[in-house]
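Asks: Have a look at the structure that comes next, please.
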Amino acid sequence: MNEKERIIQLRRELHEHNHRYYVENAPIISDQEFDFLMHELQELEARHPELADPNSPTQRVGSDLQNEFRQVSHRYPMLSLANTYNEQDVAAWYESVRKGLAGEDFEVCCEMKYDGLSISLTYVDGQLTQAVTRGDGVRGDDVTANVKTIRSIPLVLTEKTSYEDDHNPSIRIPKEFEIRGEILMPWKVFERLNLEREEAGEPLFANPRNAASGTLKSLDSRLVASRQLDAYLYYLLGESIPCDGHFENLEIARKWGFKISEGMKKVKTLDDIYQFINYWDAERKKLPVATDGIVLKVNSLRQQRILGFTAKSPRWAIAYKFKAERACTQLNEVSYQVGRTGQVTPVANMKPVLLAGTTVKRATLNNEDFIRSFDLHIGDYVYVEKGGEIIPKIVGVDVSQRPTGAQPVTFITTCPECGTPLVRYEGEAAWYCPNDAGCPPQIKGRIEHFIARKAMNIDSLGPETVDDFFRQGLIHNIADLYKIEVQQINGDGSRTKSAQRIVNGIRASRQVPFERVVFALGIRFVGETSAKLLARHFKNINALMAASSEELQEVEGIGEVMAQSIVSYFHDKTNREIIERLRQEGLQMQLSNSQMLPKSDKLAGMNIVISGVFSRHSRDEYKTLIEQHGGKNVGSISSKTSFILAGENMGPSKLQKAEKLGIEILDEDTFLSRYEIEETV
């Protein structure tokens with residue numbers, strides 16, 4: 001056997017061993033033997049770069065060379081499901097299906113509703129070619145490189161698992177198809193990861209879904225590989241899929257090598273559905289991954305097409321959400337966390353209790369008013385639920401078990417991080433630490449906000465890196481980012497590429513437009529929309545810094561509390577020094593000439609409502625185009641609305657109101673062509 005043949009053989013064997021280990025949970029060789037085969041393949045591939053294969057088992061280890069994710073349009077839109085929380089709604093859905101099918105018999109496929117990140121996988125000629133997140137349902141992020149590191153997702157559908165058979169062509173692998181599912185972080189991995197982060201003094205992940213989502217969106221696929229994500233697949237699409245039956249298609253997909261849930265059953269009656277729901281309401285607690293309900297689908301694809309879709313979801317499917325699991329445990333103490341804006345959030349520290357698959361020790365208490373509403377005492381026995389099966393929250397107190405002499409919980413008066421007296425702003429339920437220039441969590445939080453996607457979009461940095469740089473003393477505020485050099489963050493010299501990517505990302509942010517710079521400053525109460533309004537009203541940072549509270553309130557949407565916060569921010573000497581440093585570093589401190597000069601007055605005097613999801617531009621881009629041509633964006637429909645710019649999945653209530661008022665609805669192509677709008681934002 002020559003080396004080329006050996007490479008092909010090793011790839012086939014390693015794909016099979018991956019499937020046996022991660023999908024079937026039935027390995028036939030030891031980890032050491034697997035590693036030996038993998039090392040042999042790596043050495044052979046290194047000697048034969050001309051035989052490179054993007055779907056080789058060696059590609060599952062990941063790389064640190066990933067670029068920013070590109071957006072891809074879904075061939076078939078990924079719609080959300082309508083939710084229900086009781087058997088009456090399930091019965092109503094069942095009856096609507098029966099009527100929609102004119103009394104024709106139908107079957108229902110009952111499945112687990114996994115709580116992870118939706119993914120769409122495309123296979124061509126039996127090989128994984130693309131993996132795209134749900135995104136907005138019309139477009140998602142191409143995360144193919146990261147998905148290839150998930151070992152339960154087959155890169156190649158092998159001949160052995162394809163069941164190709166001339167006598168049974170119905171289960172041959174189609175030339176091209178799409179399969180959808182959920183990317184998940186198993187409970188055990190999640191708990192181990194959070195334990196490691198806790199020991200390292202790093203912020204904890206809130207839940208497995210967020211941890212899985214954040215991991216999959218990492219630009220370092222080696223990190224993704226290390227996180228041991230899993231995947232369950234639940235829907236097959238394409239022009240030549242094997243069967244009319246959804247359940248049958250998934251059973252065939254299982255034979256092709258996909259990980260399909262064992263918790264799947266085809267039924268006919270409402271009683272069968274209820275039995276399935278009741279069984280899994282208890283048994284789901286034993287599952288290795290998070291679930292939050294049951295999905296019911298009409299099994300026949302032909303009947304699915306007959307039933308069709310509403311504006312937001314398919315009529316042939318519905319999600320039944322489980323009631324939140326509740327547990328009773330004892331409150332030991334209350335601690336306090338400080339966020340980016342200085343908001344102080346109380347946290348209940350409780351005796352550990354098993355709840356919905358994980359051990360819960362902490363729960364948010366929201367604010368002082370929340371604590372008072374329960375009359376909480378240290379030592380109280382509290383009822384805890386998981387909102388959406390994930391976020392722990394206290395929902396009640398068993399006063400009958402209150403220990404004698406228990407002391408009421410009293411909200412703190414000084415910051416737990418820096419000792420500064422707390423303040424409470426008018427109209428706010430939360431208490432804040434006003435020491436935004438010297439309180440460590442606020443400093444790090446503002447830096448994390450500054451680099452965020454909708455702010456300066458420095459995606460080569462993340463919270464973990466910010467925390468590391470802060471602890472090393474490399475950064476103390478947002479302006480320090482622009483002084484970072486490659487040699488400072490290159491460690492022992494092995495991270496040159498990633499260090500250069502970070503520095504390049506920081507440099508590139510100098511081109512971010514002024515309105516996003518205003519948002520990135522992290523002024524308390526100033527959100528993305530407010531920052532845009534302020535930037536377009538005052539045109540440059542000098543005018544904004546000099547504005548009085550009264551002048552600020554002349555801007556639509558800027559109230560007294562926000563205006564006072566802006567004035568306070570710019571009166572602070574430290575903040576002004578930071579802004580001056582940012583100016584010297586070349587950040588955009590005024591609107592560009594193209595933004596200051598309107599492109600036309602084609603839409604002058606028009607009030608325009610934007611609704612739905614678009615393919616040619618984002619909603620924000622359309623808002624900018626409307627403003628640049630003299631129009632005004634409004635949020636609600638009224639008799640004064642000129643027309644509605646409507647994309648896919650426009651809300652039915654808006655559609656109904658528009659029809660009632662006789663307001664014209666334009667799709668994006670009609671809008672752009674009628675008003676001859678230049679497509680540059």
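Just remember, in the structure tokens the first chain shown is A, the second B, etc., residues are 1-based per chain, and ligands are 1-based in the order shown.
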Do you know which residues are at most 8 Å from Leu79 (chain A) counting only C-alpha atoms, after dropping those on the same chain fewer than 2 positions away, and could you put them as a list in words?

Replies: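 Those residues are Pro77, Leu81, Gly137, Lys312, Ser313 and Pro314 of chain A.
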
Asks: Got a sec: who's within 8 Å of Lys113 (chain A), counting only C-alpha atoms, leaving out chain neighbours fewer than 6 positions off, as a CSV table (one decimal) with C-alpha atoms, in the first residue's frame?

Replies:
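So the final result, stored in out-v9.csv, reads:
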```csv
chain,number,residue,atom,x,y,z
A,291,THR,CA,-33.9,20.7,27.0
A,292,ASP,CA,-36.8,23.0,27.5
A,293,GLY,CA,-39.8,21.3,25.9
A,294,ILE,CA,-41.3,19.1,23.2
A,295,VAL,CA,-41.6,19.8,19.5
A,319,ALA,CA,-43.3,23.7,20.6
```

Asks: What's the separation between CA of Lys393 (chain A) and CA of Arg340 (chain A), in Å to one decimal place?

Replies: 21.7 Å

Asks: Please identify all polymer residues within 9 Å of Glu676 (chain A), counting only C-alpha atoms, omitting same-chain residues fewer than 4 positions from it, and present them as a PyMOL selection string.

Replies: chain A and resi 602+671-672

Asks: So how many Å separate CA of His476 (chain A) and CA of Thr215 (chain A), to one decimal?

Replies: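 Spanning CA of His476 (chain A) to CA of Thr215 (chain A) is a straight-line distance of 26.7 Å.
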